[in-house]
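Below is one structure, written out as structure tokens; comments come after it.
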Amino acid sequence: MTRRRPRALVLTGALCLALAACAADVPAEQASPAASPSPTPEPGPEQGTVRTSEAAATVLPTGGLALAASQTFFDRAPVVVLADDADPASQLRASSVALAVGAPVLLDDDGAALATELDRLDAGWVLTVGDATLEARPGDETTPEATPDAEDATGDVVVVPAPADDAALADLLGTTATEPLPAEAGREVAALAGVERGSFTPLQAPVAETAPSDPATAPATAAPATEPETQTAELPRLELPEALPSTLALTTGDSTELLAAATARAAGAHLAVVPGGDPRATSETVAAVSGAGAEHVVGLGDAFGDAETLGWRAATAATGVELPGGGQLVFPGKRYVALYGSPVTPALGVLGEQGTPETVARAAEHAAAYDGLTEDTVVPALEIIATVASAGPGTDGNYSTEWPAEDLRPLVEAAGEAGQYVVLDLQPGRASFLEQAQQYADLLALPHVGLALDPEWNLGPDEVHMVRIGSVSAAEVNEVVDWLADFTRERNLPQKLLVLHQFQVRMIQTVPEVDRSRSELAVLVHADGQGGQGAKQSTWRTLHEHAPDIEWWGWKNFYDEDSPMLTPEQTMSQVDPVPHFISYQ
């Protein structure tokens with residue numbers, strides 16, 4: 001097969017042949033004087049066509065990722081870059097080339113799928129990098145004599161080997177090469193993200209240091225240098241395709257996502273590196289997503305979950321709102337130090353012992369004592385008793401007093417302004433945890449406010465307080481999990497902390513059945529034992545043995561009831577595993 005040529009040139013040639021045939025029939029005496037031949041117009045630059053996804057969020061499968069990226073970001077590509085599937089250096093260089101010319105980059109091991117994709121893209125040239133090869137398809141014929149300027153032609157596609165020399169390759173691409181950019185192992189995608197689209201910046205893996213050779217074993221004379229091969233194959237003049245400014249591609253930064261990331265950038269999409277696959281994770285990822293202002297988000301690989309999950313996570317990150325301590329996830333990377341009580345009365349803990357500004361300052365002082373004891377960010381916090389168990393039934397008969405949300409708001413907002421996290425604690429009596437949580441929806445709509453359930457004060461329909469310690473079933477907890485997770489997702493709020501208080505195994509029946517699959521929430525079990533340290537440590541170990549799959553744990557230090565109360569240093573060194581949430585009561 002012959003190399004594809006611009007249609008205008010083909011038509012021009014046909015027209016000239018037809019005119020020549022007609023002129024042969026005209027007598028010489030009637031022929032017009034010979035006219036000067038018209039110059040052949042130079043073909044215009046080839047330009048690919050990019051594709052905008054109709055979906056707000058798309059996740060490409062890890063298997064066949066490079067191919068899926070080409071199918072997602074390009075409708076047409078006159079030139080396709082082909083990398084050797086077994087050679088990381090080839091893939092790194094191919095990614096640089098793809099970004100320079102605005103072309104998709106594929107692997108040479110995709111077989112029939114590769115051939116199908118080249119047809120779909122209407123590709124006329126394949127630029128092979130390193131030892132990448134394009135296998136002939138059954139029935140294809142190769143006619144080198146028809147393509148004297150090409151190394152090989154497979155089907156309708158001209159195969160052009162990429163020179164190993166940067167300057168020669170830049171000349172082939174019709175541009176100039178900038179200084180090579182080092183790409184450390186594991187950070188190839190991050191290096192690619194910093195390369196300008198349309199610029200040929202060779203990405204190079206660091207050269208490993210080699211030991212000096214032994215003169216005794218070195219060859220007597222060096223082999224004569226060989227002349228560089230003459231590049232006979234050519235590419236058409238290329239113009240970058242129109243960019244995709246409304247599309248954001250997300251990558252974990254893993255090297256297996258390099259080619260897909262290069263294709264996305266070649267198409268003009270924004271690219272953000274999101275380690276772990278959750279765009280809410282860090283201040284950097286939140287800023288990258290919110291700053292892109294994208295209408296379409298594409299996750300490169302299975303780490304981003306399904307499209308629905310990526311969609312709401314990206315929508316949350318796009319708000320740019322962060323939690324105290326940074327990012328939009330409660331954990332990991334943070335440890336919380338909290339004061340527990342009610343601002344309404346000092347009888348319910350330290351929060352009522354001083355005014356609002358002093359309470360915020362006291363929380364900050366407690367947290368500061370933990371700085372330097374952990375590599376995690378230490379976040380000051382307040383756990384505010386919103387509903388308190390009561391000895392009498394009250395007017396509503398539920399043995400629980402619900403403080404008005406507006407009475408709590410001044411302290412809640414002051415804590416948020418000071419970069420502190422707030423947890424609203426529920427002691428429901430005969431009410432349900434769910435109905436009480438819903439009463440504080442306005443406060444829970446604030447990004448820095450989470451929720452705590454205290455089963456000690458959860459009563460059955462005929463029970464009263466102080467007769468026996470209350471409990472809650474996993475099913476009741478999961479009602480709150482479902483409501484709070486939906487509430488959080490619908491409002492694009494950062495992840496919320498859900499604390500479950502416990503000091504006896506029976507207080508949370510079947511705690512392993514508590515739903516922890518909703519990543520809108522971080523579920524933490526808080527051990528509330530008091531007294532001697534031996535007994536407290538025994539309770540800590542027992543609760544862990546009963547719920548080995550719980551990832552996040554809290555510990556409480558009692559000012560008066562513990563004997564002795566642990567210092568910050570002792571809390572971090574003697575409590576094993578080290579708690580993620582430490583409260584003071």
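Going by the structure tokens order, chains are called A, B, ..., each with residues numbered from 1, while ligands are numbered from 1 in the order shown.
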Residue neighbourhood range 257-262 of chain A, 9 Å, only C-alpha atoms, exclusion window fewer than 5 positions, as a ChimeraX atom specification: /A:62,65-70,83,91-92,94-96,98-99,103-107,188-189,192-193,249-252,267,271,300-301
Contact residues around range 238-248 of chain A with only C-alpha atoms at 9 Å, ignoring same-chain residues under 5 positions, as a PyMOL selection string: chain A and resi 44-53+73+77-79+100-103+173-174+197-198+264-272+289+292-299
Mind dumping the selected residues with N, CA, C and O atoms as a compact mmCIF listing (two decimals), in the first residue's frame?
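Full text of again09.txt as output:
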```txt
# COMPACT_ATOMS: atom_id res chain seq x y z
N GLY A 44 -1.08 21.48 3.58
CA GLY A 44 -1.19 22.10 4.89
C GLY A 44 -0.82 21.14 6.00
O GLY A 44 -0.66 19.94 5.77
N PRO A 45 -0.66 21.64 7.22
CA PRO A 45 -0.27 20.76 8.32
C PRO A 45 -1.41 19.79 8.70
O PRO A 45 -2.58 20.11 8.57
N GLU A 46 -1.00 18.62 9.11
CA GLU A 46 -1.96 17.64 9.61
C GLU A 46 -2.30 17.98 11.06
O GLU A 46 -1.44 18.42 11.83
N GLN A 47 -3.55 17.75 11.43
CA GLN A 47 -4.00 18.08 12.78
C GLN A 47 -4.98 17.03 13.27
O GLN A 47 -5.92 16.66 12.57
N GLY A 48 -4.75 16.55 14.45
CA GLY A 48 -5.65 15.58 15.05
C GLY A 48 -6.90 16.25 15.60
O GLY A 48 -7.00 17.48 15.67
N THR A 49 -7.85 15.43 15.99
CA THR A 49 -9.11 15.90 16.56
C THR A 49 -9.31 15.25 17.92
O THR A 49 -9.25 14.02 18.03
N VAL A 50 -9.52 16.06 18.93
CA VAL A 50 -9.67 15.52 20.28
C VAL A 50 -11.14 15.25 20.57
O VAL A 50 -12.03 15.71 19.86
N ARG A 51 -11.37 14.52 21.64
CA ARG A 51 -12.72 14.09 21.99
C ARG A 51 -13.06 14.57 23.40
O ARG A 51 -12.27 14.41 24.32
N THR A 52 -14.22 15.16 23.56
CA THR A 52 -14.71 15.59 24.87
C THR A 52 -15.73 14.59 25.37
O THR A 52 -16.72 14.31 24.68
N SER A 53 -15.51 14.07 26.56
CA SER A 53 -16.43 13.09 27.12
C SER A 53 -17.75 13.74 27.47
O SER A 53 -17.81 14.90 27.90
N PHE A 73 -9.56 10.23 24.51
CA PHE A 73 -9.14 11.61 24.28
C PHE A 73 -9.02 12.00 22.81
O PHE A 73 -8.95 13.19 22.51
N ALA A 77 -6.17 11.00 14.71
CA ALA A 77 -4.77 11.34 14.93
C ALA A 77 -3.96 10.93 13.70
O ALA A 77 -3.79 9.74 13.45
N PRO A 78 -3.50 11.88 12.90
CA PRO A 78 -2.72 11.51 11.71
C PRO A 78 -1.43 10.79 12.06
O PRO A 78 -0.96 9.94 11.32
N VAL A 79 -0.85 11.12 13.21
CA VAL A 79 0.37 10.47 13.67
C VAL A 79 0.10 9.83 15.02
O VAL A 79 -0.52 10.44 15.90
N ALA A 100 4.99 16.48 22.47
CA ALA A 100 5.52 17.48 21.55
C ALA A 100 4.64 17.68 20.33
O ALA A 100 4.48 18.82 19.86
N VAL A 101 4.06 16.60 19.81
CA VAL A 101 3.30 16.70 18.56
C VAL A 101 1.80 16.61 18.76
O VAL A 101 1.04 16.74 17.80
N GLY A 102 1.35 16.37 20.01
CA GLY A 102 -0.09 16.28 20.24
C GLY A 102 -0.69 15.02 19.68
O GLY A 102 -1.73 15.07 19.00
N ALA A 103 -0.05 13.88 19.95
CA ALA A 103 -0.50 12.61 19.40
C ALA A 103 -0.67 11.58 20.51
O ALA A 103 0.02 11.63 21.53
N LEU A 173 10.51 16.02 13.95
CA LEU A 173 9.24 16.53 14.47
C LEU A 173 8.97 17.96 14.03
O LEU A 173 7.89 18.49 14.28
N GLY A 174 9.95 18.59 13.42
CA GLY A 174 9.77 19.96 12.97
C GLY A 174 9.88 20.97 14.10
O GLY A 174 9.22 22.01 14.08
N ARG A 197 3.15 21.34 26.71
CA ARG A 197 2.58 20.72 25.52
C ARG A 197 3.09 21.46 24.29
O ARG A 197 3.10 22.69 24.24
N GLY A 198 3.51 20.71 23.26
CA GLY A 198 4.04 21.31 22.05
C GLY A 198 5.54 21.51 22.10
O GLY A 198 6.14 21.93 21.11
N ALA A 264 -3.33 12.05 27.47
CA ALA A 264 -4.23 13.07 27.99
C ALA A 264 -3.62 14.46 27.83
O ALA A 264 -4.28 15.40 27.37
N ARG A 265 -2.36 14.60 28.17
CA ARG A 265 -1.69 15.90 28.03
C ARG A 265 -1.54 16.28 26.56
O ARG A 265 -1.67 17.46 26.20
N ALA A 266 -1.28 15.29 25.71
CA ALA A 266 -1.16 15.57 24.28
C ALA A 266 -2.46 16.12 23.71
O ALA A 266 -2.46 16.93 22.79
N ALA A 267 -3.57 15.65 24.28
CA ALA A 267 -4.89 16.13 23.83
C ALA A 267 -5.24 17.49 24.42
O ALA A 267 -6.28 18.05 24.08
N GLY A 268 -4.39 18.00 25.28
CA GLY A 268 -4.64 19.32 25.87
C GLY A 268 -5.44 19.28 27.14
O GLY A 268 -5.90 20.33 27.61
N ALA A 269 -5.63 18.09 27.73
CA ALA A 269 -6.32 18.00 29.01
C ALA A 269 -5.39 18.43 30.13
O ALA A 269 -4.17 18.31 30.03
N HIS A 270 -5.96 18.94 31.21
CA HIS A 270 -5.18 19.19 32.41
C HIS A 270 -4.80 17.83 33.02
O HIS A 270 -5.49 16.83 32.83
N LEU A 271 -3.71 17.81 33.79
CA LEU A 271 -3.28 16.58 34.44
C LEU A 271 -2.93 16.89 35.88
O LEU A 271 -2.19 17.84 36.16
N ALA A 272 -3.47 16.09 36.81
CA ALA A 272 -3.15 16.24 38.22
C ALA A 272 -2.73 14.89 38.78
O ALA A 272 -3.35 13.87 38.48
N VAL A 289 -7.48 20.14 41.68
CA VAL A 289 -8.82 19.91 41.11
C VAL A 289 -9.63 21.20 41.11
O VAL A 289 -10.28 21.54 40.11
N ALA A 292 -8.41 23.65 38.42
CA ALA A 292 -8.60 23.30 37.00
C ALA A 292 -9.94 23.79 36.48
O ALA A 292 -10.06 24.11 35.29
N GLY A 293 -10.94 23.85 37.31
CA GLY A 293 -12.27 24.28 36.86
C GLY A 293 -12.83 23.41 35.76
O GLY A 293 -13.51 23.88 34.85
N ALA A 294 -12.54 22.10 35.82
CA ALA A 294 -12.92 21.19 34.74
C ALA A 294 -14.39 20.78 34.83
O ALA A 294 -14.97 20.68 35.91
N GLU A 295 -14.97 20.52 33.67
CA GLU A 295 -16.32 20.00 33.59
C GLU A 295 -16.34 18.48 33.48
O GLU A 295 -17.35 17.84 33.74
N HIS A 296 -15.20 17.92 33.06
CA HIS A 296 -15.10 16.47 32.89
C HIS A 296 -13.82 15.99 33.58
O HIS A 296 -12.76 16.59 33.41
N VAL A 297 -13.94 14.90 34.32
CA VAL A 297 -12.80 14.34 35.04
C VAL A 297 -12.62 12.90 34.58
O VAL A 297 -13.59 12.13 34.51
N VAL A 298 -11.38 12.54 34.26
CA VAL A 298 -11.06 11.19 33.81
C VAL A 298 -10.01 10.60 34.74
O VAL A 298 -8.92 11.16 34.88
N GLY A 299 -10.34 9.49 35.39
CA GLY A 299 -9.39 8.80 36.25
C GLY A 299 -8.63 7.76 35.45
O GLY A 299 -9.23 6.94 34.76
```
Computed interatomic separation between CA of Val350 in chain A and CA of Ile582 in chain A (Å):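 Those two atoms sit 14.6 Å apart.
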Residue among A:Val286, A:Leu426, A:Ala89, A:Ala452 lying closest to Ala315 in chain A, counting only C-alpha atoms: A:Val286
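CA of Pro380 in chain A lies 8.8 Å from CA of Arg335 in chain A.
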Residue contacts of range 435-448 of chain A (8 Å, only C-alpha atoms) excluding same-chain residues fewer than 3 positions away, as a CSV table (one decimal) with N, CA and C atoms, in the first residue's frame:
```csv
chain,number,residue,atom,x,y,z
A,321,VAL,N,-12.7,23.6,49.6
A,321,VAL,CA,-12.8,23.8,51.0
A,321,VAL,C,-12.1,22.6,51.7
A,322,GLU,N,-11.2,23.0,52.7
A,322,GLU,CA,-10.4,22.0,53.4
A,322,GLU,C,-10.7,21.9,54.8
A,323,LEU,N,-10.4,20.7,55.4
A,323,LEU,CA,-10.5,20.5,56.8
A,323,LEU,C,-9.4,21.1,57.6
A,324,PRO,N,-9.6,21.3,58.9
A,324,PRO,CA,-8.4,21.7,59.7
A,324,PRO,C,-7.3,20.7,59.6
A,387,THR,N,-26.6,16.7,73.0
A,387,THR,CA,-27.8,16.2,73.7
A,387,THR,C,-27.2,15.4,74.9
A,405,ALA,N,-29.3,24.2,68.7
A,405,ALA,CA,-28.2,24.3,67.8
A,405,ALA,C,-27.6,25.7,67.9
A,409,ARG,N,-23.7,27.2,68.4
A,409,ARG,CA,-23.1,27.8,67.2
A,409,ARG,C,-21.9,28.7,67.4
A,412,VAL,N,-18.9,26.6,68.0
A,412,VAL,CA,-18.6,25.8,66.8
A,412,VAL,C,-17.9,26.7,65.8
A,416,GLY,N,-14.0,26.6,64.3
A,416,GLY,CA,-13.7,26.5,62.8
A,416,GLY,C,-12.8,27.7,62.4
A,420,GLN,N,-9.8,24.5,64.1
A,420,GLN,CA,-10.1,23.4,65.0
A,420,GLN,C,-11.3,22.6,64.5
A,421,TYR,N,-11.2,21.2,64.8
A,421,TYR,CA,-12.3,20.4,64.4
A,421,TYR,C,-13.3,20.3,65.5
A,422,VAL,N,-14.6,20.0,65.2
A,422,VAL,CA,-15.6,19.9,66.2
A,422,VAL,C,-16.4,18.6,66.0
A,426,LEU,N,-23.9,12.9,71.0
A,426,LEU,CA,-25.3,12.6,71.2
A,426,LEU,C,-25.4,11.6,72.3
A,428,PRO,N,-28.7,10.0,73.5
A,428,PRO,CA,-30.1,10.1,73.1
A,428,PRO,C,-31.2,9.6,74.1
A,431,ALA,N,-34.7,8.5,72.7
A,431,ALA,CA,-34.8,8.9,71.3
A,431,ALA,C,-33.8,8.0,70.5
A,432,SER,N,-33.8,8.2,69.2
A,432,SER,CA,-32.9,7.4,68.3
A,432,SER,C,-31.7,8.4,68.0
A,451,LEU,N,-19.6,14.0,64.1
A,451,LEU,CA,-20.6,13.5,64.9
A,451,LEU,C,-20.1,12.4,65.8
A,480,VAL,N,-27.4,5.8,60.9
A,480,VAL,CA,-26.7,7.1,61.0
A,480,VAL,C,-25.6,7.2,59.9
A,488,THR,N,-23.4,14.2,53.5
A,488,THR,CA,-22.1,14.8,53.2
A,488,THR,C,-21.9,14.8,51.7
A,491,ARG,N,-23.9,17.5,49.7
A,491,ARG,CA,-23.5,18.9,49.9
A,491,ARG,C,-22.0,19.1,49.5
A,493,LEU,N,-19.4,18.0,50.8
A,493,LEU,CA,-18.6,18.4,52.0
A,493,LEU,C,-17.4,17.5,52.2
A,494,PRO,N,-16.4,18.0,52.8
A,494,PRO,CA,-15.2,17.1,53.1
A,494,PRO,C,-15.7,15.9,54.0
A,496,LYS,N,-16.4,13.4,56.9
A,496,LYS,CA,-16.8,13.7,58.3
A,496,LYS,C,-16.3,12.5,59.2
```
Straight-line distance linking CA of Phe581 in chain A with CA of Asn458 in chain A, stated in Å to one decimal: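 Straight-line distance from CA of Phe581 in chain A to CA of Asn458 in chain A works out to 22.6 Å.
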Nearest to Val505 in chain A, chosen from A:Asp482, A:Gln533, A:Ala288, A:Trp540, with only C-alpha atoms counted in the distances: A:Trp540
All residues 9 Å or closer to His366 in chain A, only C-alpha atoms, same chain fewer than 5 positions away omitted, as a PyMOL selection string: chain A and resi 337-339+361+380+568+584
Just-selected residues, N, CA and C atoms written as a CSV table (one decimal), in the first residue's frame:
```csv
chain,number,residue,atom,x,y,z
A,337,VAL,N,-6.5,16.2,69.1
A,337,VAL,CA,-6.4,16.3,70.5
A,337,VAL,C,-7.6,17.2,70.9
A,338,ALA,N,-8.6,16.7,71.7
A,338,ALA,CA,-9.8,17.3,71.9
A,338,ALA,C,-10.1,17.6,73.4
A,339,LEU,N,-10.9,18.7,73.6
A,339,LEU,CA,-11.5,18.9,74.9
A,339,LEU,C,-12.9,18.4,74.8
A,361,ALA,N,-8.5,28.7,72.9
A,361,ALA,CA,-7.1,28.8,73.3
A,361,ALA,C,-6.7,27.6,74.1
A,380,PRO,N,-6.1,20.6,66.8
A,380,PRO,CA,-6.9,20.8,68.0
A,380,PRO,C,-8.4,20.5,67.7
A,568,PRO,N,1.1,13.8,77.8
A,568,PRO,CA,1.1,13.6,76.3
A,568,PRO,C,2.2,12.6,75.9
A,584,TYR,N,-9.8,14.9,76.3
A,584,TYR,CA,-9.7,15.2,77.7
A,584,TYR,C,-11.0,15.6,78.3
```
Selection: 8 Å around Ala485 in chain A, only C-alpha atoms, excl. self and same-chain fewer than 3 positions, as a PyMOL selection string: chain A and resi 481-482+488-489+518-521
From A:Pro410, A:Pro343, A:Pro202, A:Pro279, residue lying nearest Gln328 in chain A [only C-alpha atoms]: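 Selected residue with least distance to Gln328 in chain A: A:Pro279.
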